[in-house]
>>> print(open('start.txt').read())   # compact mmCIF, C-alpha atoms
# COMPACT_ATOMS: atom_id res chain seq x y z
CA MET A 25 -35.56 -23.20 -24.82
CA SER A 26 -38.38 -24.23 -22.51
CA ASP A 27 -39.38 -27.83 -21.92
CA THR A 28 -41.92 -29.04 -24.50
CA SER A 29 -42.06 -32.72 -23.55
CA GLN A 30 -45.71 -32.69 -22.48
CA SER A 31 -46.80 -30.76 -25.57
CA ALA A 32 -44.84 -33.18 -27.75
CA ALA A 33 -46.47 -36.17 -26.05
CA LEU A 34 -49.94 -34.70 -26.53
CA PHE A 35 -49.16 -33.96 -30.15
CA GLU A 36 -48.22 -37.59 -30.71
CA ARG A 37 -51.46 -38.73 -29.06
CA ALA A 38 -53.44 -36.25 -31.17
CA ARG A 39 -51.87 -37.39 -34.43
CA ALA A 40 -53.10 -40.91 -33.75
CA VAL A 41 -56.74 -39.82 -33.59
CA THR A 42 -56.92 -36.45 -35.42
CA PRO A 43 -55.64 -35.60 -38.94
CA GLY A 44 -52.34 -33.78 -38.53
CA GLY A 45 -52.87 -33.79 -34.79
CA VAL A 46 -54.93 -30.59 -34.87
CA ASN A 47 -58.48 -29.43 -35.44
CA SER A 48 -57.49 -26.37 -37.47
CA PRO A 49 -54.45 -26.59 -39.77
CA VAL A 50 -52.40 -23.54 -38.72
CA ARG A 51 -52.14 -24.92 -35.17
CA ALA A 52 -49.83 -27.69 -36.41
CA PHE A 53 -46.86 -25.26 -36.77
CA ARG A 54 -46.31 -26.42 -40.36
CA GLY A 55 -45.50 -22.83 -41.36
CA VAL A 56 -42.77 -22.43 -38.73
CA GLY A 57 -41.74 -25.96 -37.75
CA GLY A 58 -41.31 -27.36 -34.28
CA THR A 59 -43.70 -28.51 -31.61
CA PRO A 60 -47.07 -26.76 -31.22
CA ARG A 61 -47.71 -25.69 -27.67
CA PHE A 62 -50.73 -27.32 -26.04
CA VAL A 63 -52.27 -24.70 -23.79
CA ALA A 64 -53.60 -25.73 -20.39
CA SER A 65 -55.01 -22.38 -19.30
CA ALA A 66 -55.18 -18.69 -20.16
CA LYS A 67 -55.72 -15.60 -18.06
CA GLY A 68 -55.62 -11.98 -19.15
CA ALA A 69 -52.80 -11.56 -21.68
CA TRP A 70 -51.07 -14.84 -20.83
CA LEU A 71 -51.16 -18.45 -21.99
CA THR A 72 -49.79 -21.32 -19.88
CA ASP A 73 -48.92 -24.54 -21.69
CA VAL A 74 -49.05 -28.10 -20.36
CA ASP A 75 -45.33 -27.94 -19.56
CA GLY A 76 -45.95 -24.95 -17.27
CA THR A 77 -44.42 -22.27 -19.50
CA ARG A 78 -46.14 -18.87 -19.69
CA TYR A 79 -46.36 -16.82 -22.87
CA VAL A 80 -47.66 -13.38 -23.70
CA ASP A 81 -50.48 -14.10 -26.12
CA LEU A 82 -50.46 -12.16 -29.41
CA ILE A 83 -52.94 -14.55 -31.05
CA SER A 84 -55.96 -13.76 -28.86
CA SER A 85 -57.66 -16.92 -30.19
CA TRP A 86 -57.29 -15.34 -33.67
CA GLY A 87 -59.11 -12.22 -32.55
CA PRO A 88 -62.03 -12.96 -30.20
CA MET A 89 -60.31 -12.34 -26.86
CA ILE A 90 -60.44 -8.56 -27.12
CA LEU A 91 -60.96 -8.15 -23.36
CA GLY A 92 -58.34 -10.77 -22.49
CA HIS A 93 -58.74 -14.38 -21.42
CA ALA A 94 -61.22 -15.33 -18.68
CA HIS A 95 -62.44 -11.77 -18.22
CA PRO A 96 -64.50 -11.59 -15.01
CA ASP A 97 -67.58 -10.05 -16.62
CA VAL A 98 -67.66 -12.69 -19.34
CA LEU A 99 -67.06 -15.47 -16.82
CA ASP A 100 -69.97 -14.24 -14.71
CA ALA A 101 -72.31 -14.03 -17.70
CA VAL A 102 -71.38 -17.53 -18.86
CA ALA A 103 -71.69 -19.08 -15.40
CA GLN A 104 -75.08 -17.52 -14.71
CA THR A 105 -76.44 -18.54 -18.10
CA ALA A 106 -75.00 -22.07 -18.01
CA SER A 107 -76.60 -22.65 -14.63
CA ARG A 108 -79.98 -22.29 -16.34
CA GLY A 109 -79.18 -24.70 -19.19
CA PHE A 110 -76.73 -25.06 -22.07
CA SER A 111 -78.96 -25.25 -25.14
CA PHE A 112 -82.72 -25.16 -25.61
CA GLY A 113 -83.47 -25.57 -29.32
CA THR A 114 -86.00 -22.78 -28.84
CA PRO A 115 -85.74 -18.97 -28.94
CA SER A 116 -84.27 -17.27 -25.86
CA GLU A 117 -83.80 -13.68 -24.75
CA ASN A 118 -80.00 -13.68 -25.04
CA GLU A 119 -80.09 -14.12 -28.81
CA VAL A 120 -82.44 -11.16 -29.14
CA ALA A 121 -80.25 -9.01 -26.91
CA LEU A 122 -77.09 -9.87 -28.86
CA ALA A 123 -78.78 -9.15 -32.19
CA GLU A 124 -80.01 -5.82 -30.82
CA GLU A 125 -76.49 -4.95 -29.68
CA ILE A 126 -74.99 -5.70 -33.10
CA VAL A 127 -77.69 -3.80 -35.00
CA ALA A 128 -77.29 -0.80 -32.69
CA ARG A 129 -73.53 -0.69 -33.32
CA VAL A 130 -73.51 -0.89 -37.14
CA GLU A 131 -75.74 1.82 -38.60
CA PRO A 132 -76.60 0.19 -41.98
CA LEU A 133 -77.71 -3.07 -40.32
CA GLU A 134 -81.41 -3.57 -39.79
CA GLN A 135 -81.50 -7.31 -39.11
CA VAL A 136 -79.03 -10.10 -38.40
CA ARG A 137 -79.29 -13.88 -38.32
CA LEU A 138 -77.11 -15.64 -35.75
CA VAL A 139 -75.08 -18.72 -36.68
CA SER A 140 -72.24 -20.67 -35.05
CA SER A 141 -69.15 -19.87 -37.13
CA GLY A 142 -67.69 -17.37 -39.56
CA THR A 143 -67.79 -20.02 -42.28
CA GLU A 144 -71.53 -20.44 -41.74
CA ALA A 145 -71.96 -16.67 -41.87
CA THR A 146 -70.21 -16.22 -45.21
CA MET A 147 -71.80 -19.35 -46.70
CA SER A 148 -75.25 -18.10 -45.71
CA ALA A 149 -74.59 -14.57 -46.94
CA LEU A 150 -73.57 -15.96 -50.34
CA ARG A 151 -76.69 -18.11 -50.52
CA LEU A 152 -78.82 -15.11 -49.63
CA ALA A 153 -77.12 -12.96 -52.26
CA ARG A 154 -77.70 -15.58 -54.92
CA GLY A 155 -81.30 -16.08 -53.87
CA ALA A 156 -82.04 -12.36 -53.82
CA THR A 157 -80.43 -11.60 -57.20
CA GLY A 158 -81.22 -14.80 -59.09
CA ARG A 159 -77.57 -14.94 -60.20
CA SER A 160 -74.89 -17.51 -59.40
CA ALA A 161 -71.40 -16.05 -59.90
CA VAL A 162 -69.39 -14.48 -57.07
CA VAL A 163 -66.29 -12.29 -57.09
CA LYS A 164 -63.70 -12.73 -54.33
CA PHE A 165 -60.12 -11.53 -53.94
CA ALA A 166 -56.92 -13.58 -53.82
CA GLY A 167 -55.60 -13.73 -50.28
CA CYS A 168 -58.94 -12.95 -48.65
CA TYR A 169 -60.23 -15.88 -46.59
CA HIS A 170 -63.93 -16.32 -45.93
CA GLY A 171 -64.00 -19.70 -44.24
CA HIS A 172 -63.89 -23.13 -45.83
CA VAL A 173 -66.92 -22.64 -48.09
CA ASP A 174 -66.54 -24.67 -51.30
CA ALA A 175 -67.23 -21.72 -53.59
CA LEU A 176 -64.65 -19.57 -51.81
CA LEU A 177 -61.80 -22.10 -51.68
CA ALA A 178 -60.72 -21.10 -55.15
CA HIS A 179 -57.69 -19.65 -56.88
CA ALA A 180 -57.57 -17.43 -59.93
CA GLY A 181 -57.98 -18.75 -63.43
CA SER A 182 -55.78 -17.72 -66.32
CA GLY A 183 -57.49 -14.44 -67.21
CA VAL A 184 -58.75 -11.41 -65.35
CA ALA A 185 -62.42 -12.40 -65.56
CA THR A 186 -62.18 -16.15 -65.95
CA PHE A 187 -63.92 -18.41 -63.48
CA ALA A 188 -61.72 -20.01 -60.87
CA LEU A 189 -60.34 -23.47 -60.20
CA PRO A 190 -60.68 -25.47 -56.94
CA ASP A 191 -58.06 -24.61 -54.34
CA SER A 192 -58.67 -27.71 -52.22
CA ALA A 193 -59.16 -31.38 -52.90
CA GLY A 194 -62.80 -32.29 -52.43
CA VAL A 195 -64.12 -29.05 -53.91
CA PRO A 196 -65.97 -29.78 -57.16
CA ALA A 197 -64.92 -27.74 -60.16
CA SER A 198 -68.58 -26.84 -60.55
CA ALA A 199 -68.56 -25.12 -57.12
CA ALA A 200 -65.36 -23.17 -57.62
CA GLY A 201 -66.35 -22.54 -61.22
CA GLU A 202 -68.92 -19.99 -60.13
CA THR A 203 -66.22 -17.90 -58.44
CA ILE A 204 -64.11 -15.19 -60.07
CA VAL A 205 -60.88 -14.51 -58.17
CA LEU A 206 -59.31 -11.09 -58.65
CA PRO A 207 -56.29 -9.27 -57.17
CA TYR A 208 -57.10 -7.39 -53.98
CA ASN A 209 -57.00 -3.57 -54.18
CA ASP A 210 -57.31 -3.68 -57.99
CA LEU A 211 -60.45 -1.81 -59.08
CA ALA A 212 -59.48 -2.05 -62.74
CA ALA A 213 -59.69 -5.85 -62.49
CA VAL A 214 -63.13 -5.56 -60.88
CA GLU A 215 -64.29 -3.23 -63.64
CA ALA A 216 -63.05 -5.69 -66.27
CA ALA A 217 -64.79 -8.64 -64.60
CA PHE A 218 -68.11 -6.81 -64.49
CA ALA A 219 -67.72 -5.59 -68.06
CA GLU A 220 -67.40 -9.20 -69.21
CA ARG A 221 -69.72 -11.05 -66.81
CA GLY A 222 -71.68 -8.45 -64.88
CA GLU A 223 -75.08 -9.96 -65.59
CA GLU A 224 -73.96 -13.24 -64.01
CA ILE A 225 -72.47 -11.82 -60.80
CA ALA A 226 -74.61 -12.02 -57.68
CA ALA A 227 -72.12 -10.47 -55.26
CA VAL A 228 -68.62 -9.28 -54.51
CA ILE A 229 -67.32 -10.52 -51.15
CA THR A 230 -64.30 -8.90 -49.56
CA GLU A 231 -62.63 -8.86 -46.18
CA ALA A 232 -63.42 -5.38 -44.89
CA ALA A 233 -59.69 -5.10 -44.20
CA ALA A 234 -57.73 -8.18 -45.19
CA GLY A 235 -56.19 -10.03 -42.26
CA ASN A 236 -55.70 -13.55 -43.58
CA MET A 237 -52.68 -12.83 -45.77
CA GLY A 238 -51.28 -10.64 -43.05
CA VAL A 239 -52.84 -7.23 -42.52
CA VAL A 240 -53.56 -5.50 -45.83
CA PRO A 241 -56.04 -2.64 -45.48
CA PRO A 242 -58.10 -1.57 -48.49
CA ALA A 243 -56.39 1.11 -50.55
CA PRO A 244 -58.02 4.56 -50.46
CA GLY A 245 -61.14 4.43 -52.61
CA PHE A 246 -61.18 0.63 -52.98
CA THR A 247 -64.20 -0.04 -50.78
CA GLU A 248 -66.10 2.86 -52.31
CA GLY A 249 -65.18 1.63 -55.79
CA LEU A 250 -66.59 -1.82 -54.99
CA ARG A 251 -69.83 -0.19 -53.81
CA ARG A 252 -70.08 1.91 -56.97
CA ILE A 253 -69.40 -0.99 -59.36
CA THR A 254 -71.72 -3.49 -57.69
CA ALA A 255 -74.55 -0.96 -57.45
CA ALA A 256 -74.20 -0.08 -61.12
CA HIS A 257 -74.56 -3.74 -62.11
CA GLY A 258 -77.28 -4.80 -59.67
CA ALA A 259 -74.92 -7.02 -57.65
CA LEU A 260 -74.60 -7.08 -53.87
CA LEU A 261 -71.54 -6.09 -51.86
CA ILE A 262 -70.73 -8.38 -48.92
CA SER A 263 -68.29 -7.01 -46.33
CA ASP A 264 -66.70 -9.83 -44.34
CA GLU A 265 -66.11 -8.42 -40.85
CA VAL A 266 -65.61 -11.78 -39.14
CA MET A 267 -62.13 -10.61 -38.12
CA THR A 268 -62.47 -6.81 -38.09
CA GLY A 269 -65.98 -6.62 -36.66
CA PHE A 270 -66.00 -4.86 -33.27
CA ARG A 271 -62.20 -5.12 -33.09
CA CYS A 272 -61.26 -2.21 -35.35
CA SER A 273 -63.86 0.08 -33.75
CA PRO A 274 -67.16 -0.24 -31.85
CA SER A 275 -68.78 -0.77 -35.26
CA GLY A 276 -65.93 -2.65 -36.92
CA TRP A 277 -64.07 -1.61 -40.05
CA TYR A 278 -67.23 0.07 -41.30
CA GLY A 279 -67.06 2.40 -38.30
CA HIS A 280 -63.32 2.90 -38.79
CA GLU A 281 -63.86 3.98 -42.40
CA THR A 282 -66.78 6.12 -41.27
CA ARG A 283 -64.48 8.13 -39.04
CA ALA A 284 -61.93 8.37 -41.83
CA GLY A 285 -64.52 9.28 -44.45
CA GLY A 286 -64.10 13.03 -44.22
CA GLU A 287 -66.64 14.82 -46.37
CA HIS A 288 -68.21 11.53 -47.41
CA PRO A 289 -70.38 10.36 -44.50
CA GLY A 290 -69.58 6.77 -43.71
CA GLY A 291 -66.78 6.79 -46.25
CA TYR A 292 -69.33 5.29 -48.67
CA PRO A 293 -70.70 8.07 -50.92
CA SER A 294 -72.72 5.49 -52.86
CA GLY A 295 -74.03 3.70 -49.79
CA ALA A 296 -72.97 1.01 -47.34
CA PRO A 297 -72.34 -2.68 -48.13
CA ASP A 298 -75.52 -4.71 -48.64
CA LEU A 299 -74.54 -7.54 -46.31
CA PHE A 300 -72.08 -7.92 -43.44
CA THR A 301 -70.69 -11.03 -41.79
CA PHE A 302 -69.43 -11.11 -38.21
CA GLY A 303 -67.76 -13.56 -35.84
CA LYS A 304 -64.87 -13.81 -33.37
CA VAL A 305 -65.27 -10.79 -31.03
CA MET A 306 -69.07 -11.03 -31.05
CA GLY A 307 -68.79 -14.52 -29.52
CA GLY A 308 -66.28 -13.64 -26.83
CA GLY A 309 -64.41 -16.91 -27.42
CA PHE A 310 -67.53 -19.05 -27.91
CA PRO A 311 -68.86 -20.35 -31.27
CA ALA A 312 -71.04 -17.47 -32.45
CA ALA A 313 -71.26 -15.53 -35.69
CA ALA A 314 -73.82 -13.57 -37.68
CA PHE A 315 -74.72 -12.15 -41.06
CA GLY A 316 -77.06 -9.28 -41.72
CA GLY A 317 -78.18 -6.33 -43.78
CA ARG A 318 -81.27 -4.41 -44.76
CA ALA A 319 -84.60 -5.83 -43.62
CA GLU A 320 -85.95 -6.17 -47.15
CA LEU A 321 -82.92 -8.23 -48.12
CA MET A 322 -83.00 -10.38 -44.99
CA ALA A 323 -86.70 -11.06 -45.67
CA HIS A 324 -85.59 -13.51 -48.37
CA LEU A 325 -84.52 -15.90 -45.57
CA ALA A 326 -86.74 -18.69 -44.27
CA PRO A 327 -89.21 -18.70 -42.62
CA ASP A 328 -90.26 -15.44 -44.33
CA GLY A 329 -88.69 -16.16 -47.70
CA PRO A 330 -87.44 -18.96 -49.97
CA VAL A 331 -83.71 -18.95 -49.01
CA TYR A 332 -83.23 -21.73 -46.47
CA GLN A 333 -80.78 -21.47 -43.57
CA ALA A 334 -80.92 -23.13 -40.16
CA GLY A 335 -78.78 -24.30 -37.24
CA THR A 336 -79.48 -26.26 -34.08
CA LEU A 337 -76.96 -24.27 -32.01
CA SER A 338 -77.52 -20.90 -33.68
CA GLY A 339 -78.14 -18.29 -30.99
CA ASN A 340 -76.93 -20.68 -28.28
CA PRO A 341 -77.74 -19.06 -24.91
CA VAL A 342 -74.27 -19.51 -23.40
CA ALA A 343 -72.45 -18.29 -26.50
CA THR A 344 -74.71 -15.27 -26.84
CA ALA A 345 -74.23 -14.42 -23.16
CA ALA A 346 -70.46 -14.44 -23.66
CA GLY A 347 -70.77 -12.33 -26.81
CA LEU A 348 -73.07 -9.80 -25.21
CA ALA A 349 -70.80 -9.38 -22.17
CA THR A 350 -67.80 -8.99 -24.46
CA LEU A 351 -69.41 -6.34 -26.64
CA ARG A 352 -70.58 -4.41 -23.59
CA GLY A 353 -66.96 -4.39 -22.42
CA CYS A 354 -65.79 -2.86 -25.71
CA THR A 355 -65.75 0.72 -24.42
CA PRO A 356 -63.98 3.78 -25.89
CA SER A 357 -61.22 3.38 -23.31
CA LEU A 358 -60.67 -0.21 -24.45
CA TYR A 359 -60.16 0.88 -28.06
CA ASP A 360 -57.77 3.60 -26.91
CA HIS A 361 -55.77 0.96 -25.02
CA LEU A 362 -55.70 -1.41 -28.01
CA ALA A 363 -54.43 1.40 -30.22
CA GLU A 364 -51.68 2.36 -27.77
CA VAL A 365 -50.47 -1.19 -27.15
CA SER A 366 -50.51 -2.21 -30.80
CA GLN A 367 -48.65 0.97 -31.75
CA THR A 368 -46.01 0.35 -29.09
CA ILE A 369 -45.41 -3.29 -29.99
CA GLY A 370 -45.54 -2.76 -33.75
CA ALA A 371 -43.12 0.16 -33.69
CA ALA A 372 -40.71 -1.67 -31.38
CA ALA A 373 -40.76 -4.77 -33.60
CA SER A 374 -40.06 -2.67 -36.67
CA ASP A 375 -37.23 -0.82 -34.92
CA ALA A 376 -35.62 -4.08 -33.77
CA LEU A 377 -35.77 -5.57 -37.25
CA THR A 378 -34.34 -2.39 -38.76
CA GLN A 379 -31.47 -2.45 -36.29
CA ALA A 380 -30.78 -6.09 -37.24
CA GLY A 381 -30.88 -5.27 -40.95
CA VAL A 382 -33.93 -7.45 -41.68
CA PRO A 383 -36.09 -6.31 -44.61
CA HIS A 384 -39.67 -5.94 -43.40
CA THR A 385 -42.89 -3.96 -43.66
CA LEU A 386 -45.22 -3.15 -40.77
CA GLN A 387 -48.89 -2.78 -41.74
CA ARG A 388 -51.97 -1.92 -39.69
CA ALA A 389 -55.74 -1.98 -39.82
CA SER A 390 -56.69 -0.06 -36.70
CA SER A 391 -55.24 -2.15 -33.81
CA MET A 392 -54.71 -5.23 -35.99
CA PHE A 393 -51.15 -5.36 -37.33
CA SER A 394 -48.59 -7.68 -38.84
CA ILE A 395 -45.02 -7.63 -40.10
CA PHE A 396 -44.18 -8.86 -43.58
CA PHE A 397 -40.60 -9.98 -44.04
CA THR A 398 -40.22 -8.12 -47.31
CA ASP A 399 -39.30 -4.64 -48.51
CA GLY A 400 -42.03 -2.26 -49.59
CA PRO A 401 -45.76 -2.12 -49.05
CA VAL A 402 -47.97 -5.20 -49.39
CA GLU A 403 -51.11 -4.36 -51.35
CA ARG A 404 -52.23 -7.82 -52.52
CA TYR A 405 -51.59 -11.51 -52.00
CA SER A 406 -48.81 -11.76 -54.59
CA ASP A 407 -46.86 -9.16 -52.59
CA ALA A 408 -47.34 -11.13 -49.38
CA GLN A 409 -46.17 -14.32 -51.07
CA GLY A 410 -42.82 -12.68 -51.85
CA GLN A 411 -41.77 -12.44 -48.20
CA ASP A 412 -39.02 -14.41 -46.48
CA THR A 413 -41.02 -16.98 -44.53
CA ALA A 414 -37.86 -18.69 -43.28
CA ALA A 415 -36.82 -15.45 -41.58
CA PHE A 416 -40.25 -15.24 -39.99
CA GLY A 417 -39.86 -18.80 -38.72
CA ARG A 418 -36.59 -17.93 -36.99
CA PHE A 419 -38.16 -14.77 -35.55
CA PHE A 420 -41.21 -16.72 -34.35
CA HIS A 421 -39.23 -19.36 -32.49
CA ALA A 422 -36.94 -16.81 -30.85
CA MET A 423 -40.01 -14.93 -29.60
CA LEU A 424 -41.55 -18.21 -28.39
CA ASP A 425 -38.36 -19.11 -26.51
CA ALA A 426 -38.50 -15.67 -24.87
CA GLY A 427 -42.07 -16.17 -23.72
CA VAL A 428 -44.11 -14.52 -26.50
CA HIS A 429 -46.54 -16.56 -28.62
CA LEU A 430 -47.06 -15.03 -32.06
CA PRO A 431 -49.42 -16.50 -34.66
CA PRO A 432 -47.49 -19.47 -36.12
CA SER A 433 -47.68 -18.20 -39.70
CA ALA A 434 -46.21 -15.31 -41.66
CA TYR A 435 -49.65 -14.70 -43.15
CA GLU A 436 -51.63 -13.82 -40.03
CA SER A 437 -52.57 -10.78 -37.96
CA TRP A 438 -51.22 -10.02 -34.52
CA PHE A 439 -53.85 -9.21 -31.89
CA VAL A 440 -53.66 -7.47 -28.53
CA SER A 441 -56.28 -7.18 -25.81
CA GLY A 442 -57.42 -4.97 -23.00
CA ALA A 443 -55.45 -7.22 -20.64
CA HIS A 444 -52.06 -6.45 -22.24
CA ASP A 445 -50.62 -4.47 -19.34
CA ASP A 446 -47.14 -3.09 -18.71
CA GLU A 447 -45.75 -6.51 -17.72
CA ALA A 448 -47.01 -8.15 -20.91
CA VAL A 449 -45.80 -5.33 -23.14
CA GLU A 450 -42.37 -5.20 -21.49
CA THR A 451 -42.00 -8.96 -21.98
CA VAL A 452 -42.67 -8.52 -25.70
CA LEU A 453 -40.31 -5.55 -26.00
CA ALA A 454 -37.52 -7.42 -24.21
CA ALA A 455 -37.87 -10.37 -26.59
CA LEU A 456 -37.74 -8.37 -29.83
CA PRO A 457 -34.00 -7.55 -30.23
CA GLY A 458 -32.92 -11.18 -29.87
CA ALA A 459 -35.69 -12.35 -32.19
CA ALA A 460 -34.67 -9.79 -34.79
CA ARG A 461 -31.07 -11.00 -34.64
CA ALA A 462 -32.33 -14.58 -35.07
CA ALA A 463 -34.31 -13.53 -38.14
CA ALA A 464 -31.17 -11.97 -39.61
CA ALA A 465 -29.04 -15.02 -38.90
CA GLY A 466 -30.23 -17.02 -41.91
>>> encode(input="start.txt", output="structure tokens")
Amino acid sequence: MSDTSQSAALFERARAVTPGGVNSPVRAFRGVGGTPRFVASAKGAWLTDVDGTRYVDLISSWGPMILGHAHPDVLDAVAQTASRGFSFGTPSENEVALAEEIVARVEPLEQVRLVSSGTEATMSALRLARGATGRSAVVKFAGCYHGHVDALLAHAGSGVATFALPDSAGVPASAAGETIVLPYNDLAAVEAAFAERGEEIAAVITEAAAGNMGVVPPAPGFTEGLRRITAAHGALLISDEVMTGFRCSPSGWYGHETRAGGEHPGGYPSGAPDLFTFGKVMGGGFPAAAFGGRAELMAHLAPDGPVYQAGTLSGNPVATAAGLATLRGCTPSLYDHLAEVSQTIGAAASDALTQAGVPHTLQRASSMFSIFFTDGPVERYSDAQGQDTAAFGRFFHAMLDAGVHLPPSAYESWFVSGAHDDEAVETVLAALPGAARAAAAG
């Protein structure tokens, strides 16, 4: 095991001044135990912690670092922009250029509004959907995470179409009570909910491909079924591409399904989602996100319409410069590289676990992938909850000791980048057999 004394000391300092010692809960290692590594620097595919230990990074800042850490083109864009000022509180050209880039990449989009986080994007998209439809109820799916919006921190009630209960202290029952939580990949449950409460439902929001319960792609026909049902009832369909946007293809999961759509252009015979939300990759590691859709729908937003939304740092010039440079680096060759590296690592991890006799399931959404420590496919959150999280914890720590930093939770996606070269991949492959044996040792 590597020395963790400096990380441990920083963690103690942090716990004195920050709840749990972290500014986002999963960083605390509660799901795997042990000492979270405090990172001092990152370059390419590697993290270096405050104790001087290097790790191959399979977190990629939870997705944004698609080009790798400290990519020269992004560094140049940030430095040049920062030299002219950090924030203006006025419009600037960078925000226009980034919006143009996003709209050009996703065919159904006509307009986007920039914000500072994925949570802001989904919160604002929900408000817009409610304002445009005059309805208040929202359908979401168990296991899909859309940020810490009150209405979306909810768990299922006792019946298929009952309104939900708060899933976090501090969330009023009245906020969660407007949310209907259904099983993911279950169109029959969606049909039943709309049959009972369709006139109350403003929108269905879904992760384009679920990545926050581990990677669970939509079943064939699920996305199209959501489009058909919502259109029939006058509700909006919101596709949350905060994680998948511009990572799964140049135009996100929408583009991935477009290519897989066969005789149905776009894979959406009844039309595209009404609203999209984006984040992570489009900010290049800086706080930037967006939501958007058709121009007539976006016209409901202030200052043109009655739905209010604002943000002092929205469209921040430095963040938009980083995002624009990142998106311009997302070339066809990059996506080919991501596919190759994720395929290599995923297959090797599965082979190692098979050799060690560890029950597991490897699942993918384009280059996003994760391993569930359970037999059989995972189609919804209840399946993911049945996995052996203790085995994952042993696997995680063995990989960490061998110089590979996985996401510290059994319910997260693994991410690779354009900087994952032969050295990084070989380090991961060398670590896998021992980690698989550790997972089996329980």
>>> closest_atom_pairs(input="start.txt", of="region 272-354 of chain A", to="region 90-99 of chain A", cutoff="8 Å", atoms="only C-alpha atoms", output="CSV")
residue,atom,partner,partner_atom,distance
A:Val305,CA,A:Ile90,CA,6.6
A:Gly308,CA,A:Val98,CA,7.7
A:Ala345,CA,A:Val98,CA,7.8
A:Ala346,CA,A:Val98,CA,5.4
A:Ala349,CA,A:Val98,CA,5.4
A:Thr350,CA,A:Val98,CA,6.3
A:Gly353,CA,A:Leu91,CA,7.1
A:Cys354,CA,A:Leu91,CA,7.5
>>> write_last_selection(input="start.txt", atoms="C-alpha atoms", output="JSON list (two decimals), keeping the file's coordinate frame")
[["chain", "number", "residue", "atom", "x", "y", "z"],
["A", 305, "VAL", "CA", -65.27, -10.79, -31.03],
["A", 308, "GLY", "CA", -66.28, -13.64, -26.83],
["A", 345, "ALA", "CA", -74.23, -14.42, -23.16],
["A", 346, "ALA", "CA", -70.46, -14.44, -23.66],
["A", 349, "ALA", "CA", -70.80, -9.38, -22.17],
["A", 350, "THR", "CA", -67.80, -8.99, -24.46],
["A", 353, "GLY", "CA", -66.96, -4.39, -22.42],
["A", 354, "CYS", "CA", -65.79, -2.86, -25.71]]
>>> atom_distance(input="start.txt", atom1="CA of Glu403 (chain A)", atom2="CA of Pro241 (chain A)")
7.9 Å
>>> closest_residue(input="start.txt", among="A:Ala460, A:Leu321, A:Ile395, A:Val365", to="Leu133 (chain A)", atoms="all atoms listed in the file")
A:Leu321
>>> residues_around(input="start.txt", residues="Val80 (chain A)", least_positions_apart="2", cutoff="6 Å", atoms="only C-alpha atoms", output="PDB file with C-alpha atoms, keeping the file's coordinate frame")
ATOM      1  CA  ALA A  69     -52.800 -11.560 -21.680  1.00  0.00           C
ATOM      2  CA  TRP A  70     -51.070 -14.840 -20.830  1.00  0.00           C
ATOM      3  CA  VAL A 428     -44.110 -14.520 -26.500  1.00  0.00           C
ATOM      4  CA  HIS A 429     -46.540 -16.560 -28.620  1.00  0.00           C
ATOM      5  CA  ALA A 448     -47.010  -8.150 -20.910  1.00  0.00           C
TER       6      ALA A 448
END
>>> residues_around(input="start.txt", residues="Ala227 (chain A)", least_positions_apart="5", cutoff="9 Å", atoms="all atoms listed in the file", output="PDB file with C-alpha atoms, in the frame of the given file")
ATOM      1  CA  LEU A 150     -73.570 -15.960 -50.340  1.00  0.00           C
ATOM      2  CA  ALA A 153     -77.120 -12.960 -52.260  1.00  0.00           C
ATOM      3  CA  ARG A 154     -77.700 -15.580 -54.920  1.00  0.00           C
ATOM      4  CA  THR A 157     -80.430 -11.600 -57.200  1.00  0.00           C
ATOM      5  CA  ARG A 159     -77.570 -14.940 -60.200  1.00  0.00           C
ATOM      6  CA  SER A 160     -74.890 -17.510 -59.400  1.00  0.00           C
ATOM      7  CA  ALA A 161     -71.400 -16.050 -59.900  1.00  0.00           C
ATOM      8  CA  VAL A 162     -69.390 -14.480 -57.070  1.00  0.00           C
ATOM      9  CA  VAL A 163     -66.290 -12.290 -57.090  1.00  0.00           C
ATOM     10  CA  LYS A 164     -63.700 -12.730 -54.330  1.00  0.00           C
ATOM     11  CA  THR A 254     -71.720  -3.490 -57.690  1.00  0.00           C
ATOM     12  CA  GLY A 258     -77.280  -4.800 -59.670  1.00  0.00           C
ATOM     13  CA  ALA A 259     -74.920  -7.020 -57.650  1.00  0.00           C
ATOM     14  CA  LEU A 260     -74.600  -7.080 -53.870  1.00  0.00           C
ATOM     15  CA  LEU A 261     -71.540  -6.090 -51.860  1.00  0.00           C
ATOM     16  CA  ILE A 262     -70.730  -8.380 -48.920  1.00  0.00           C
TER      17      ILE A 262
END
>>> residues_near_point(input="start.txt", point="(-51.5, -0.9, -27.5)", cutoff="8 Å", atoms="only C-alpha atoms", output="PyMOL selection string")
chain A and resi 360-369+391+440+444
>>> closest_residue(input="start.txt", among="A:Leu351, A:Gly427, A:Ala434, A:Phe35", to="Gln411 (chain A)", atoms="only C-alpha atoms")
A:Ala434
>>> atom_distance(input="start.txt", atom1="CA of Leu456 (chain A)", atom2="CA of Asp407 (chain A)")
24.5 Å
>>> atom_distance(input="start.txt", atom1="CA of Ser374 (chain A)", atom2="CA of Ala243 (chain A)")
21.8 Å
>>> closest_residue(input="start.txt", among="A:Val63, A:Val214, A:Ala296, A:Leu358", to="Glu131 (chain A)", atoms="only C-alpha atoms")
A:Ala296
>>> closest_residue(input="start.txt", among="A:Glu36, A:Val50, A:Leu250, A:Pro383", to="Ser433 (chain A)", atoms="all atoms listed in the file")
A:Val50
>>> residues_near_point(input="start.txt", point="(-62.3, 1.5, -32.8)", cutoff="12 Å", atoms="only C-alpha atoms", output="PyMOL selection string")
chain A and resi 90+129+268-284+354-364+389-392
